[in-house]
Structure formats: structure tokens, C-alpha cells
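Here is the structure we will look at, set down as C-alpha cells.
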Amino acid sequence: MTTSTELTLFADYFQIHVADADADGDLSDAWTDQAVADHLAIAPDALGIGTSVNVDVSVTVDVLAQEPSDDSSEFDHVVEAGLTVSAGRLMVLGCTDYGPDAATFEVPPGCNRVRVSRRNLARATQADVDSHQSPETTEKVRIQVWSAPASQARIIKRWTRDL
């Protein structure tokens, strides 16, 4: 069974969060220099997803029955990490959103894999604070989740901002 949900989230502090809805999701020590470079902060019960803008971003959450095929060529930046979800409730929210109001998704309890694919990053960065004003410049984030054994995080495709 596959479910897909569209969200608009405020990426305050250039981040959104994916977390076990039944845990505290504390990422305060997870944003190391490497995590910032990878756009991926990892805590035991949460993932911080770095964004290229500090405004609203378009987010699609896909809960999948199995690992998806590799379509990283269609995206600018793609990362993957494991996330344990104790009771099978995953929440996706902006960094400063109120947890109880966050979108929640039913996933298999236990180990899950989360793949985050982002696109439209150069255009969003160029438009900066106005990027969310138009679909052509809005940063797009796709979060795919499926049950999988625990494994190391990996950077599948890296985007770096041209200065």
C-alpha cells in the first residue's frame, strides 16, 4: 500500500523535521558541520532535513510498501537515513511547528528508511525570501518512507550552492 500526501511547511531555520511522533525528536546536538553540509541531521528518533530557503517549501510524503527505484537524476539533492518509529506514528513538520498539530503518518513500527529528495534548489535560493510566491521558484521536498533494516545514512546526490 502506498499513500501520498502534499504539505506546505515553513522551513524555519532552513529545516524541516521527520520524527517518531511518540518521542521527543531532539535535534539540538545533531546539527554538526557535517550535518549542515549534508543537509541531514540524525538523532535516535528524528531527522532534520536542511532546506535551501527559510520560507515555505512544498513537501510530498510517500509511505511505501517497499524501497522505491532510484530516480535521483530528477532531483538536486538526495539523502537517506534510518529512523526507528516506536509505535508506527511518524510526524513531518517545520522546525518551529507545534508537534501535536503536525501531520502524522502510519508507518510500520520499528526500523524505517527515509529518503529525502529535493529539487528546484537553485531557483529557490535565487528567489530567496520570495521563493514560495511562485511554483516555479518554490523548493520541492519529497520524503519517502518504507520499512527496512537499520543501515548507515548515505548521501546519494549532493547539491552545493553556487556562490
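The way I read the labels, and the way they are meant: chains A, B, ... in the order of the C-alpha cells, residue 1 as the first residue of every chain, and ligand 1 as the first ligand shown, with later ones counted on from there.
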Inset, instruction - Fewer than 6 positions away in the same chain doesn't count, so skip those; otherwise give me all residues within 9 Å of stretch 104-119 of chain A, counting only C-alpha atoms, as a PyMOL selection string. - result: chain A and resi 18+21+47+49+51+61+63-64+67+72+74-93+139-151+157
Inset, instruction - Enumerate as a PyMOL selection string all residues of stretch 52-159 of chain A assigned to helix (DSSP H, G or I) by DSSP on the backbone, naming them with the chain letters and numbers the document uses. - result: chain A and resi 72-74+99-101+121-133
Strand (DSSP E) residues, from DSSP on the backbone, in chain A, as a short mmCIF file (atom, residue, chain, number, x, y, z; two decimals) with all heavy atoms, in the first residue's frame:
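Saved to out26.cif:
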```cif
data_model
loop_
_atom_site.label_atom_id
_atom_site.label_comp_id
_atom_site.auth_asym_id
_atom_site.auth_seq_id
_atom_site.Cartn_x
_atom_site.Cartn_y
_atom_site.Cartn_z
N THR A 3 0.75 5.50 0.17
CA THR A 3 -0.04 6.72 0.37
C THR A 3 0.85 7.91 0.05
O THR A 3 2.05 7.88 0.28
CB THR A 3 -0.57 6.84 1.82
OG1 THR A 3 0.54 6.92 2.71
CG2 THR A 3 -1.45 5.67 2.19
N SER A 4 0.24 8.96 -0.48
CA SER A 4 0.98 10.17 -0.82
C SER A 4 0.19 11.37 -0.31
O SER A 4 -1.02 11.46 -0.52
CB SER A 4 1.17 10.26 -2.34
OG SER A 4 1.98 11.35 -2.66
N THR A 5 0.89 12.27 0.37
CA THR A 5 0.26 13.45 0.96
C THR A 5 1.09 14.68 0.62
O THR A 5 2.31 14.66 0.72
CB THR A 5 0.17 13.30 2.50
OG1 THR A 5 -0.53 12.09 2.80
CG2 THR A 5 -0.55 14.49 3.13
N GLU A 6 0.40 15.75 0.22
CA GLU A 6 1.05 17.03 -0.09
C GLU A 6 0.92 17.97 1.11
O GLU A 6 -0.16 18.10 1.69
CB GLU A 6 0.40 17.69 -1.30
CG GLU A 6 0.43 16.86 -2.56
CD GLU A 6 1.80 16.77 -3.19
OE1 GLU A 6 2.57 17.73 -3.06
OE2 GLU A 6 2.10 15.72 -3.78
N LEU A 7 2.02 18.62 1.48
CA LEU A 7 2.05 19.58 2.59
C LEU A 7 2.78 20.84 2.15
O LEU A 7 3.63 20.80 1.26
CB LEU A 7 2.81 19.01 3.79
CG LEU A 7 2.37 17.67 4.37
CD1 LEU A 7 3.42 17.17 5.37
CD2 LEU A 7 1.02 17.80 5.04
N THR A 8 2.49 21.93 2.80
CA THR A 8 3.31 23.13 2.72
C THR A 8 3.80 23.40 4.13
O THR A 8 2.99 23.53 5.06
CB THR A 8 2.50 24.34 2.21
OG1 THR A 8 2.02 24.05 0.89
CG2 THR A 8 3.36 25.60 2.16
N LEU A 9 5.13 23.42 4.30
CA LEU A 9 5.71 23.60 5.63
C LEU A 9 6.63 24.82 5.64
O LEU A 9 7.35 25.07 4.67
CB LEU A 9 6.51 22.37 6.03
CG LEU A 9 5.72 21.07 6.20
CD1 LEU A 9 6.68 19.92 6.51
CD2 LEU A 9 4.67 21.21 7.30
N PHE A 10 6.62 25.53 6.75
CA PHE A 10 7.53 26.65 6.94
C PHE A 10 8.88 26.09 7.38
O PHE A 10 9.00 25.48 8.45
CB PHE A 10 6.97 27.62 7.98
CG PHE A 10 7.87 28.79 8.24
CD1 PHE A 10 8.44 29.52 7.21
CD2 PHE A 10 8.15 29.17 9.54
CE1 PHE A 10 9.27 30.61 7.46
CE2 PHE A 10 8.97 30.27 9.81
CZ PHE A 10 9.53 30.98 8.76
N GLN A 15 15.13 24.36 7.86
CA GLN A 15 14.99 22.94 8.13
C GLN A 15 13.54 22.54 8.35
O GLN A 15 12.71 23.34 8.76
CB GLN A 15 15.82 22.52 9.33
CG GLN A 15 15.48 23.24 10.62
CD GLN A 15 16.42 22.91 11.75
OE1 GLN A 15 16.37 21.80 12.27
NE2 GLN A 15 17.25 23.86 12.15
N ILE A 16 13.29 21.27 8.05
CA ILE A 16 12.04 20.62 8.42
C ILE A 16 12.42 19.33 9.16
O ILE A 16 13.57 18.88 9.06
CB ILE A 16 11.12 20.33 7.21
CG1 ILE A 16 11.80 19.43 6.20
CG2 ILE A 16 10.65 21.62 6.57
CD1 ILE A 16 10.91 19.00 5.06
N HIS A 17 11.48 18.75 9.88
CA HIS A 17 11.77 17.58 10.71
C HIS A 17 10.88 16.40 10.35
O HIS A 17 9.71 16.58 10.01
CB HIS A 17 11.59 17.91 12.19
CG HIS A 17 12.57 18.91 12.70
ND1 HIS A 17 12.52 19.39 13.98
CD2 HIS A 17 13.62 19.52 12.11
CE1 HIS A 17 13.52 20.26 14.16
NE2 HIS A 17 14.19 20.36 13.04
N VAL A 18 11.45 15.22 10.45
CA VAL A 18 10.74 13.95 10.32
C VAL A 18 11.07 13.20 11.61
O VAL A 18 12.24 13.01 11.92
CB VAL A 18 11.24 13.16 9.09
CG1 VAL A 18 10.54 11.81 9.01
CG2 VAL A 18 11.05 13.97 7.82
N ALA A 19 10.03 12.81 12.37
CA ALA A 19 10.32 12.26 13.69
C ALA A 19 9.28 11.23 14.13
O ALA A 19 8.15 11.24 13.65
CB ALA A 19 10.36 13.40 14.72
N ASP A 20 9.70 10.39 15.05
CA ASP A 20 8.79 9.48 15.74
C ASP A 20 7.82 10.37 16.51
O ASP A 20 8.24 11.18 17.35
CB ASP A 20 9.61 8.59 16.68
CG ASP A 20 8.77 7.59 17.45
OD1 ASP A 20 7.53 7.75 17.54
OD2 ASP A 20 9.36 6.64 17.98
N LEU A 40 21.38 17.01 6.38
CA LEU A 40 20.76 15.89 7.08
C LEU A 40 21.33 15.76 8.48
O LEU A 40 22.50 15.43 8.66
CB LEU A 40 21.01 14.58 6.31
CG LEU A 40 20.45 13.31 6.93
CD1 LEU A 40 18.91 13.35 6.97
CD2 LEU A 40 20.93 12.09 6.15
N ALA A 41 20.49 16.03 9.48
CA ALA A 41 20.86 15.85 10.89
C ALA A 41 20.16 14.60 11.40
O ALA A 41 18.96 14.41 11.13
CB ALA A 41 20.45 17.07 11.71
N ILE A 42 20.89 13.77 12.13
CA ILE A 42 20.34 12.49 12.56
C ILE A 42 20.39 12.37 14.08
O ILE A 42 21.45 12.53 14.69
CB ILE A 42 21.13 11.33 11.93
CG1 ILE A 42 21.08 11.44 10.40
CG2 ILE A 42 20.59 9.98 12.40
CD1 ILE A 42 22.02 10.49 9.68
N ALA A 43 19.23 12.11 14.67
CA ALA A 43 19.12 11.82 16.10
C ALA A 43 18.45 10.45 16.20
O ALA A 43 17.91 9.94 15.22
CB ALA A 43 18.28 12.90 16.78
N ALA A 46 14.68 11.14 15.31
CA ALA A 46 14.30 12.24 14.42
C ALA A 46 15.37 12.48 13.36
O ALA A 46 16.55 12.17 13.56
CB ALA A 46 14.08 13.52 15.23
N LEU A 47 14.93 13.07 12.26
CA LEU A 47 15.83 13.53 11.21
C LEU A 47 15.54 14.99 10.94
O LEU A 47 14.37 15.40 10.87
CB LEU A 47 15.60 12.74 9.91
CG LEU A 47 15.79 11.23 9.96
CD1 LEU A 47 15.39 10.61 8.62
CD2 LEU A 47 17.22 10.88 10.30
N GLY A 48 16.59 15.78 10.80
CA GLY A 48 16.45 17.16 10.39
C GLY A 48 16.84 17.25 8.93
O GLY A 48 17.91 16.78 8.54
N ILE A 49 15.98 17.82 8.12
CA ILE A 49 16.22 17.95 6.70
C ILE A 49 16.55 19.41 6.41
O ILE A 49 15.71 20.28 6.61
CB ILE A 49 14.97 17.53 5.88
CG1 ILE A 49 14.44 16.17 6.33
CG2 ILE A 49 15.26 17.61 4.39
CD1 ILE A 49 15.43 15.04 6.30
N GLY A 50 17.77 19.67 5.97
CA GLY A 50 18.16 21.03 5.64
C GLY A 50 17.49 21.48 4.35
O GLY A 50 17.32 20.69 3.42
N ASP A 56 8.29 28.97 3.22
CA ASP A 56 7.50 27.78 2.94
C ASP A 56 8.14 26.94 1.84
O ASP A 56 8.65 27.49 0.85
CB ASP A 56 6.09 28.15 2.50
CG ASP A 56 5.21 28.65 3.64
OD1 ASP A 56 5.58 28.44 4.81
OD2 ASP A 56 4.16 29.25 3.35
N VAL A 57 8.08 25.63 2.02
CA VAL A 57 8.53 24.68 0.99
C VAL A 57 7.38 23.71 0.73
O VAL A 57 6.53 23.48 1.60
CB VAL A 57 9.81 23.92 1.41
CG1 VAL A 57 10.99 24.88 1.54
CG2 VAL A 57 9.61 23.14 2.69
N SER A 58 7.36 23.16 -0.46
CA SER A 58 6.36 22.17 -0.84
C SER A 58 6.89 20.79 -0.50
O SER A 58 7.99 20.43 -0.92
CB SER A 58 6.08 22.29 -2.35
OG SER A 58 5.22 21.26 -2.77
N VAL A 59 6.12 20.01 0.26
CA VAL A 59 6.57 18.70 0.73
C VAL A 59 5.57 17.64 0.30
O VAL A 59 4.36 17.79 0.51
CB VAL A 59 6.73 18.68 2.27
CG1 VAL A 59 7.16 17.31 2.76
CG2 VAL A 59 7.69 19.77 2.72
N THR A 60 6.08 16.56 -0.27
CA THR A 60 5.27 15.38 -0.56
C THR A 60 5.79 14.26 0.32
O THR A 60 6.99 14.00 0.35
CB THR A 60 5.41 14.97 -2.05
OG1 THR A 60 5.02 16.07 -2.86
CG2 THR A 60 4.55 13.76 -2.35
N VAL A 61 4.89 13.60 1.04
CA VAL A 61 5.25 12.47 1.89
C VAL A 61 4.63 11.22 1.28
O VAL A 61 3.42 11.14 1.11
CB VAL A 61 4.76 12.65 3.34
CG1 VAL A 61 5.15 11.46 4.19
CG2 VAL A 61 5.31 13.95 3.93
N ASP A 62 5.49 10.26 0.93
CA ASP A 62 5.05 8.98 0.37
C ASP A 62 5.40 7.87 1.35
O ASP A 62 6.58 7.66 1.66
CB ASP A 62 5.76 8.68 -0.96
CG ASP A 62 5.40 9.66 -2.06
OD1 ASP A 62 4.28 10.20 -2.05
OD2 ASP A 62 6.26 9.90 -2.94
N VAL A 63 4.39 7.16 1.84
CA VAL A 63 4.61 5.99 2.67
C VAL A 63 4.48 4.79 1.74
O VAL A 63 3.44 4.60 1.10
CB VAL A 63 3.60 5.91 3.83
CG1 VAL A 63 3.81 4.65 4.66
CG2 VAL A 63 3.71 7.16 4.72
N HIS A 77 19.33 17.11 -4.78
CA HIS A 77 19.99 16.62 -3.56
C HIS A 77 19.16 15.47 -3.02
O HIS A 77 17.94 15.61 -2.83
CB HIS A 77 20.10 17.74 -2.53
CG HIS A 77 20.95 17.42 -1.35
ND1 HIS A 77 22.31 17.58 -1.36
CD2 HIS A 77 20.64 16.93 -0.13
CE1 HIS A 77 22.81 17.21 -0.18
NE2 HIS A 77 21.81 16.81 0.58
N VAL A 78 19.80 14.33 -2.76
CA VAL A 78 19.09 13.15 -2.27
C VAL A 78 19.89 12.52 -1.13
O VAL A 78 21.07 12.23 -1.29
CB VAL A 78 18.86 12.11 -3.39
CG1 VAL A 78 18.06 10.92 -2.86
CG2 VAL A 78 18.16 12.75 -4.59
N VAL A 79 19.22 12.32 0.02
CA VAL A 79 19.85 11.70 1.18
C VAL A 79 18.92 10.62 1.72
O VAL A 79 17.71 10.65 1.49
CB VAL A 79 20.16 12.73 2.29
CG1 VAL A 79 21.18 13.75 1.83
CG2 VAL A 79 18.89 13.43 2.76
N GLU A 80 19.52 9.68 2.46
CA GLU A 80 18.76 8.59 3.04
C GLU A 80 19.28 8.29 4.43
O GLU A 80 20.49 8.37 4.67
CB GLU A 80 18.97 7.33 2.19
CG GLU A 80 17.74 6.73 1.63
CD GLU A 80 18.07 5.50 0.81
OE1 GLU A 80 18.72 4.56 1.32
OE2 GLU A 80 17.66 5.49 -0.35
N ALA A 81 18.38 7.93 5.34
CA ALA A 81 18.80 7.55 6.69
C ALA A 81 17.74 6.65 7.30
O ALA A 81 16.57 6.68 6.90
CB ALA A 81 19.01 8.79 7.56
N GLY A 82 18.16 5.91 8.30
CA GLY A 82 17.23 5.07 9.04
C GLY A 82 16.58 5.87 10.16
O GLY A 82 17.15 6.83 10.67
N LEU A 83 15.38 5.46 10.52
CA LEU A 83 14.66 6.11 11.60
C LEU A 83 13.79 5.06 12.28
O LEU A 83 12.98 4.41 11.62
CB LEU A 83 13.80 7.26 11.07
CG LEU A 83 12.99 8.05 12.10
CD1 LEU A 83 13.93 8.79 13.07
CD2 LEU A 83 12.08 9.05 11.41
N THR A 84 13.95 4.91 13.58
CA THR A 84 13.12 3.99 14.34
C THR A 84 11.87 4.72 14.80
O THR A 84 11.95 5.80 15.39
CB THR A 84 13.88 3.42 15.54
OG1 THR A 84 15.03 2.72 15.05
CG2 THR A 84 13.02 2.46 16.34
N VAL A 85 10.74 4.14 14.50
CA VAL A 85 9.45 4.72 14.86
C VAL A 85 8.76 3.71 15.80
O VAL A 85 8.30 2.67 15.36
CB VAL A 85 8.59 5.00 13.61
CG1 VAL A 85 7.28 5.65 14.00
CG2 VAL A 85 9.36 5.89 12.62
N ARG A 89 3.91 5.76 14.34
CA ARG A 89 3.35 7.09 14.00
C ARG A 89 4.51 8.03 13.72
O ARG A 89 5.30 8.36 14.60
CB ARG A 89 2.50 7.64 15.15
CG ARG A 89 1.20 6.92 15.34
CD ARG A 89 0.30 7.48 16.45
NE ARG A 89 0.95 8.40 17.38
CZ ARG A 89 0.73 9.73 17.42
NH1 ARG A 89 -0.10 10.30 16.58
NH2 ARG A 89 1.34 10.48 18.31
N LEU A 90 4.60 8.49 12.48
CA LEU A 90 5.66 9.38 12.03
C LEU A 90 5.06 10.77 11.84
O LEU A 90 3.97 10.92 11.29
CB LEU A 90 6.20 8.87 10.68
CG LEU A 90 7.33 9.66 10.06
CD1 LEU A 90 8.64 9.30 10.76
CD2 LEU A 90 7.42 9.34 8.57
N MET A 91 5.77 11.79 12.31
CA MET A 91 5.29 13.16 12.08
C MET A 91 6.28 13.90 11.20
O MET A 91 7.49 13.67 11.25
CB MET A 91 5.00 13.90 13.38
CG MET A 91 6.16 14.25 14.23
SD MET A 91 5.55 15.19 15.67
CE MET A 91 7.03 15.17 16.66
N VAL A 92 5.74 14.80 10.39
CA VAL A 92 6.52 15.64 9.49
C VAL A 92 6.09 17.08 9.75
O VAL A 92 4.89 17.39 9.69
CB VAL A 92 6.29 15.26 8.01
CG1 VAL A 92 7.07 16.16 7.09
CG2 VAL A 92 6.64 13.79 7.77
N LEU A 93 7.06 17.94 10.07
CA LEU A 93 6.71 19.29 10.48
C LEU A 93 7.85 20.27 10.24
O LEU A 93 9.00 19.87 10.07
CB LEU A 93 6.31 19.32 11.95
CG LEU A 93 7.38 19.00 13.00
CD1 LEU A 93 6.89 19.47 14.37
CD2 LEU A 93 7.69 17.52 13.09
N GLY A 94 7.51 21.55 10.23
CA GLY A 94 8.52 22.59 10.20
C GLY A 94 9.24 22.62 11.54
O GLY A 94 8.69 22.20 12.56
N ALA A 103 1.45 17.00 10.85
CA ALA A 103 0.92 15.91 10.03
C ALA A 103 1.54 14.61 10.52
O ALA A 103 2.76 14.55 10.74
CB ALA A 103 1.25 16.15 8.56
N THR A 104 0.73 13.58 10.71
CA THR A 104 1.24 12.28 11.14
C THR A 104 0.86 11.22 10.12
O THR A 104 -0.16 11.33 9.42
CB THR A 104 0.71 11.88 12.53
OG1 THR A 104 -0.70 11.86 12.50
CG2 THR A 104 1.20 12.84 13.60
N PHE A 105 1.69 10.19 10.06
CA PHE A 105 1.53 9.13 9.07
C PHE A 105 1.74 7.79 9.75
O PHE A 105 2.64 7.65 10.57
CB PHE A 105 2.55 9.32 7.94
CG PHE A 105 2.44 10.65 7.28
CD1 PHE A 105 3.14 11.75 7.76
CD2 PHE A 105 1.60 10.83 6.19
CE1 PHE A 105 3.01 13.00 7.18
CE2 PHE A 105 1.47 12.08 5.60
CZ PHE A 105 2.18 13.17 6.08
N GLU A 106 0.92 6.83 9.39
CA GLU A 106 1.10 5.47 9.90
C GLU A 106 2.17 4.79 9.08
O GLU A 106 2.11 4.76 7.85
CB GLU A 106 -0.21 4.69 9.81
CG GLU A 106 -1.24 5.14 10.80
CD GLU A 106 -2.48 4.27 10.78
OE1 GLU A 106 -2.36 3.06 10.51
OE2 GLU A 106 -3.55 4.81 11.03
N GLY A 110 9.03 0.20 14.31
CA GLY A 110 10.39 -0.30 14.23
C GLY A 110 11.21 0.47 13.22
O GLY A 110 11.00 1.66 13.00
N CYS A 111 12.17 -0.22 12.60
CA CYS A 111 13.11 0.43 11.68
C CYS A 111 12.45 0.78 10.36
O CYS A 111 11.79 -0.06 9.74
CB CYS A 111 14.30 -0.49 11.41
SG CYS A 111 15.32 -0.78 12.86
N ASN A 112 12.65 2.01 9.95
CA ASN A 112 12.18 2.50 8.67
C ASN A 112 13.33 3.21 7.97
O ASN A 112 14.29 3.65 8.62
CB ASN A 112 11.01 3.48 8.84
CG ASN A 112 9.72 2.78 9.17
OD1 ASN A 112 8.98 2.41 8.28
ND2 ASN A 112 9.44 2.58 10.46
N ARG A 113 13.23 3.32 6.68
CA ARG A 113 14.20 4.06 5.88
C ARG A 113 13.50 5.29 5.36
O ARG A 113 12.34 5.23 4.93
CB ARG A 113 14.70 3.18 4.72
CG ARG A 113 15.90 3.73 4.02
CD ARG A 113 17.14 3.54 4.87
NE ARG A 113 18.33 3.99 4.16
CZ ARG A 113 19.46 4.23 4.76
NH1 ARG A 113 19.58 4.06 6.06
NH2 ARG A 113 20.51 4.63 4.08
N VAL A 114 14.18 6.43 5.40
CA VAL A 114 13.63 7.70 4.92
C VAL A 114 14.56 8.23 3.84
O VAL A 114 15.74 8.45 4.08
CB VAL A 114 13.50 8.73 6.07
CG1 VAL A 114 12.95 10.05 5.55
CG2 VAL A 114 12.63 8.17 7.19
N ARG A 115 14.02 8.42 2.64
CA ARG A 115 14.77 9.04 1.55
C ARG A 115 14.18 10.41 1.29
O ARG A 115 12.97 10.55 1.09
CB ARG A 115 14.68 8.21 0.27
CG ARG A 115 15.50 8.81 -0.89
CD ARG A 115 15.40 7.98 -2.15
NE ARG A 115 15.95 6.66 -1.93
CZ ARG A 115 15.71 5.63 -2.73
NH1 ARG A 115 14.93 5.74 -3.80
NH2 ARG A 115 16.26 4.44 -2.47
N VAL A 116 15.04 11.42 1.31
CA VAL A 116 14.60 12.79 1.09
C VAL A 116 15.24 13.28 -0.20
O VAL A 116 16.47 13.32 -0.33
CB VAL A 116 15.00 13.71 2.26
CG1 VAL A 116 14.54 15.14 2.00
CG2 VAL A 116 14.44 13.18 3.57
N SER A 117 14.38 13.65 -1.15
CA SER A 117 14.83 14.13 -2.46
C SER A 117 14.33 15.56 -2.62
O SER A 117 13.14 15.83 -2.44
CB SER A 117 14.25 13.25 -3.57
OG SER A 117 14.56 11.89 -3.35
N ARG A 118 15.26 16.46 -2.94
CA ARG A 118 14.91 17.89 -3.05
C ARG A 118 15.25 18.39 -4.45
O ARG A 118 16.25 18.00 -5.03
CB ARG A 118 15.67 18.69 -1.99
CG ARG A 118 15.31 18.26 -0.59
CD ARG A 118 16.20 18.84 0.50
NE ARG A 118 16.53 20.21 0.32
CZ ARG A 118 17.79 20.69 0.32
NH1 ARG A 118 18.82 19.89 0.49
NH2 ARG A 118 18.00 21.97 0.15
N ARG A 119 14.41 19.28 -4.96
CA ARG A 119 14.66 19.88 -6.28
C ARG A 119 14.24 21.33 -6.31
O ARG A 119 13.61 21.82 -5.40
CB ARG A 119 13.98 19.06 -7.37
CG ARG A 119 12.50 19.19 -7.43
CD ARG A 119 11.95 18.54 -8.69
NE ARG A 119 10.89 17.62 -8.32
CZ ARG A 119 10.63 16.50 -8.93
NH1 ARG A 119 11.34 16.11 -9.95
NH2 ARG A 119 9.64 15.75 -8.55
N LYS A 140 11.05 22.12 -3.62
CA LYS A 140 10.22 20.92 -3.57
C LYS A 140 10.97 19.83 -2.81
O LYS A 140 12.13 19.53 -3.13
CB LYS A 140 9.89 20.41 -4.96
CG LYS A 140 9.40 21.48 -5.92
CD LYS A 140 7.91 21.54 -5.99
CE LYS A 140 7.41 22.40 -7.13
NZ LYS A 140 7.34 23.79 -6.93
N VAL A 141 10.32 19.23 -1.82
CA VAL A 141 10.91 18.18 -0.99
C VAL A 141 10.00 16.96 -1.07
O VAL A 141 8.80 17.06 -0.83
CB VAL A 141 11.02 18.64 0.48
CG1 VAL A 141 11.65 17.55 1.34
CG2 VAL A 141 11.79 19.96 0.61
N ARG A 142 10.59 15.83 -1.42
CA ARG A 142 9.83 14.57 -1.40
C ARG A 142 10.44 13.68 -0.32
O ARG A 142 11.65 13.43 -0.31
CB ARG A 142 9.88 13.85 -2.74
CG ARG A 142 9.02 12.56 -2.71
CD ARG A 142 9.12 11.77 -3.98
NE ARG A 142 10.49 11.28 -4.12
CZ ARG A 142 10.94 10.71 -5.23
NH1 ARG A 142 10.18 10.59 -6.29
NH2 ARG A 142 12.19 10.26 -5.28
N ILE A 143 9.60 13.19 0.58
CA ILE A 143 10.02 12.30 1.66
C ILE A 143 9.37 10.94 1.40
O ILE A 143 8.14 10.85 1.36
CB ILE A 143 9.59 12.86 3.03
CG1 ILE A 143 10.24 14.23 3.27
CG2 ILE A 143 9.93 11.87 4.14
CD1 ILE A 143 9.69 14.98 4.46
N GLN A 144 10.20 9.92 1.21
CA GLN A 144 9.70 8.57 1.00
C GLN A 144 10.09 7.73 2.22
O GLN A 144 11.23 7.79 2.67
CB GLN A 144 10.32 7.95 -0.26
CG GLN A 144 9.93 8.69 -1.53
CD GLN A 144 10.71 8.19 -2.72
OE1 GLN A 144 11.93 8.27 -2.74
NE2 GLN A 144 10.00 7.66 -3.71
N VAL A 145 9.15 6.94 2.73
CA VAL A 145 9.37 6.14 3.93
C VAL A 145 8.92 4.70 3.66
O VAL A 145 7.83 4.48 3.11
CB VAL A 145 8.56 6.70 5.13
CG1 VAL A 145 8.85 5.91 6.39
CG2 VAL A 145 8.84 8.17 5.34
N TRP A 146 9.76 3.75 4.06
CA TRP A 146 9.39 2.33 3.95
C TRP A 146 10.10 1.56 5.05
O TRP A 146 11.11 2.00 5.59
CB TRP A 146 9.72 1.78 2.56
CG TRP A 146 11.19 1.72 2.24
CD1 TRP A 146 12.02 0.63 2.39
CD2 TRP A 146 12.02 2.77 1.75
NE1 TRP A 146 13.30 0.96 2.02
CE2 TRP A 146 13.33 2.27 1.61
CE3 TRP A 146 11.80 4.11 1.40
CZ2 TRP A 146 14.40 3.03 1.15
CZ3 TRP A 146 12.86 4.88 0.94
CH2 TRP A 146 14.14 4.33 0.83
N SER A 147 9.55 0.41 5.38
CA SER A 147 10.15 -0.46 6.39
C SER A 147 11.44 -1.05 5.84
O SER A 147 11.48 -1.52 4.70
CB SER A 147 9.17 -1.58 6.75
OG SER A 147 9.73 -2.43 7.71
N ARG A 154 23.24 7.76 4.02
CA ARG A 154 24.07 7.97 2.84
C ARG A 154 23.59 9.17 2.04
O ARG A 154 22.41 9.49 2.02
CB ARG A 154 24.15 6.72 1.98
CG ARG A 154 22.87 6.29 1.35
CD ARG A 154 23.06 4.95 0.62
NE ARG A 154 21.88 4.66 -0.17
CZ ARG A 154 21.88 4.45 -1.47
NH1 ARG A 154 23.00 4.46 -2.15
NH2 ARG A 154 20.77 4.20 -2.12
N ILE A 155 24.55 9.81 1.41
CA ILE A 155 24.27 10.91 0.51
C ILE A 155 24.27 10.31 -0.89
O ILE A 155 25.30 9.85 -1.38
CB ILE A 155 25.34 12.02 0.61
CG1 ILE A 155 25.56 12.44 2.07
CG2 ILE A 155 24.97 13.20 -0.27
CD1 ILE A 155 24.35 12.87 2.82
N ILE A 156 23.13 10.29 -1.53
CA ILE A 156 23.00 9.70 -2.86
C ILE A 156 23.41 10.70 -3.93
O ILE A 156 24.07 10.35 -4.91
CB ILE A 156 21.56 9.20 -3.08
CG1 ILE A 156 21.26 8.09 -2.06
CG2 ILE A 156 21.35 8.72 -4.50
CD1 ILE A 156 19.80 7.70 -1.97
N LYS A 157 23.02 11.95 -3.72
CA LYS A 157 23.35 13.01 -4.68
C LYS A 157 23.50 14.31 -3.89
O LYS A 157 22.63 14.65 -3.08
CB LYS A 157 22.24 13.14 -5.72
CG LYS A 157 22.54 14.12 -6.82
CD LYS A 157 21.45 14.06 -7.88
CE LYS A 157 21.77 14.97 -9.04
NZ LYS A 157 20.68 14.92 -10.04
#
```
Legend entry - Selection: 12 Å around A:Val129, only C-alpha atoms, excl. self and same-chain fewer than 4 positions, as a PyMOL selection string: chain A and resi 10-12+14+52-57+123-125+133-134+137-139
For the residues selected in the previous step, produce a file with N, CA and C atoms as a compact mmCIF listing (two decimals), in the first residue's frame.
```txt
# COMPACT_ATOMS: atom_id res chain seq x y z
N PHE A 10 6.62 25.53 6.75
CA PHE A 10 7.53 26.65 6.94
C PHE A 10 8.88 26.09 7.38
N ALA A 11 9.88 26.26 6.54
CA ALA A 11 11.23 25.73 6.81
C ALA A 11 12.02 26.74 7.63
N ASP A 12 11.52 27.04 8.81
CA ASP A 12 12.19 27.97 9.70
C ASP A 12 13.58 27.44 10.04
N PHE A 14 15.90 27.09 8.12
CA PHE A 14 16.35 26.29 6.97
C PHE A 14 16.24 24.79 7.24
N SER A 52 17.12 24.87 1.38
CA SER A 52 17.92 25.96 0.82
C SER A 52 17.30 27.32 1.11
N VAL A 53 16.08 27.33 1.64
CA VAL A 53 15.38 28.58 1.93
C VAL A 53 14.78 28.55 3.33
N ASN A 54 14.47 29.72 3.84
CA ASN A 54 13.91 29.90 5.18
C ASN A 54 12.47 30.42 5.06
N VAL A 55 11.70 29.81 4.15
CA VAL A 55 10.30 30.17 3.91
C VAL A 55 9.52 28.87 3.69
N ASP A 56 8.29 28.97 3.22
CA ASP A 56 7.50 27.78 2.94
C ASP A 56 8.14 26.94 1.84
N VAL A 57 8.08 25.63 2.02
CA VAL A 57 8.53 24.68 0.99
C VAL A 57 7.38 23.71 0.73
N ARG A 123 16.83 27.76 -8.17
CA ARG A 123 15.81 28.79 -8.38
C ARG A 123 15.25 29.29 -7.05
N ALA A 124 15.05 28.39 -6.11
CA ALA A 124 14.54 28.80 -4.79
C ALA A 124 15.56 29.69 -4.08
N THR A 125 16.82 29.30 -4.14
CA THR A 125 17.88 30.08 -3.50
C THR A 125 17.98 31.46 -4.12
N GLN A 133 6.52 32.33 -3.40
CA GLN A 133 5.47 33.10 -4.08
C GLN A 133 5.04 32.48 -5.40
N SER A 134 5.86 31.58 -5.95
CA SER A 134 5.57 31.02 -7.27
C SER A 134 5.98 29.55 -7.30
N THR A 137 9.57 28.76 -8.42
CA THR A 137 10.72 29.02 -7.57
C THR A 137 10.62 28.37 -6.18
N THR A 138 9.56 27.65 -5.92
CA THR A 138 9.38 27.00 -4.62
C THR A 138 10.26 25.76 -4.53
N GLU A 139 10.95 25.62 -3.40
CA GLU A 139 11.71 24.40 -3.15
C GLU A 139 10.75 23.23 -2.96
```
